[in-house]
Amino acid sequence: MTTSNVLTLQETPEIKAKPQFIPKGARALKLTEDEVNNLVGIGFCQPKFYKRHVWLKAKKLMDNVVCLNGLARPYNYGHGKGKYESEFEIDEVKEQTIELLRNEGNLIEDPIPAQPKLVIISSII
């Protein structure tokens, strides 16, 4: 009886790395520019000043978009205090976040208000 020590090589499938600026769970975040500005501001503020559902929406944006792209990082200042810090100005973080969401197609563009139609009513007496 002979045994052969043959090593069978299996090909491993190639995994293509694609850049993901926003994880799949955050793709449901469809926000307007005003909402992004408000939520980023809330993210840098203290959670005790906001209702829970508003804070959680801001936290989702901060964790899934802002922190993953290096615009801010989690930092716990204490119970009821701020939870994020950044080297950038808050306005710069807001602008960059808007650009990231726009590039990913997750920014709802504000519709242009329709021009009111001018109706002229003339009466001859």
# chains A, B, ... in the order shown; residues from 1 in each chain; ligands from 1
>>> residues_around(residues="segment 52-64 of chain A", least_positions_apart="3", cutoff="12 Å", atoms="only C-alpha atoms", output="PyMOL selection string")
chain A and resi 20-31+35-49+67-75+80+82-86+93-94+97-98+100-101+106
>>> atom_distance(atom1="atom CA of Lys51 of chain A", atom2="atom CA of Glu87 of chain A")
27.0 Å
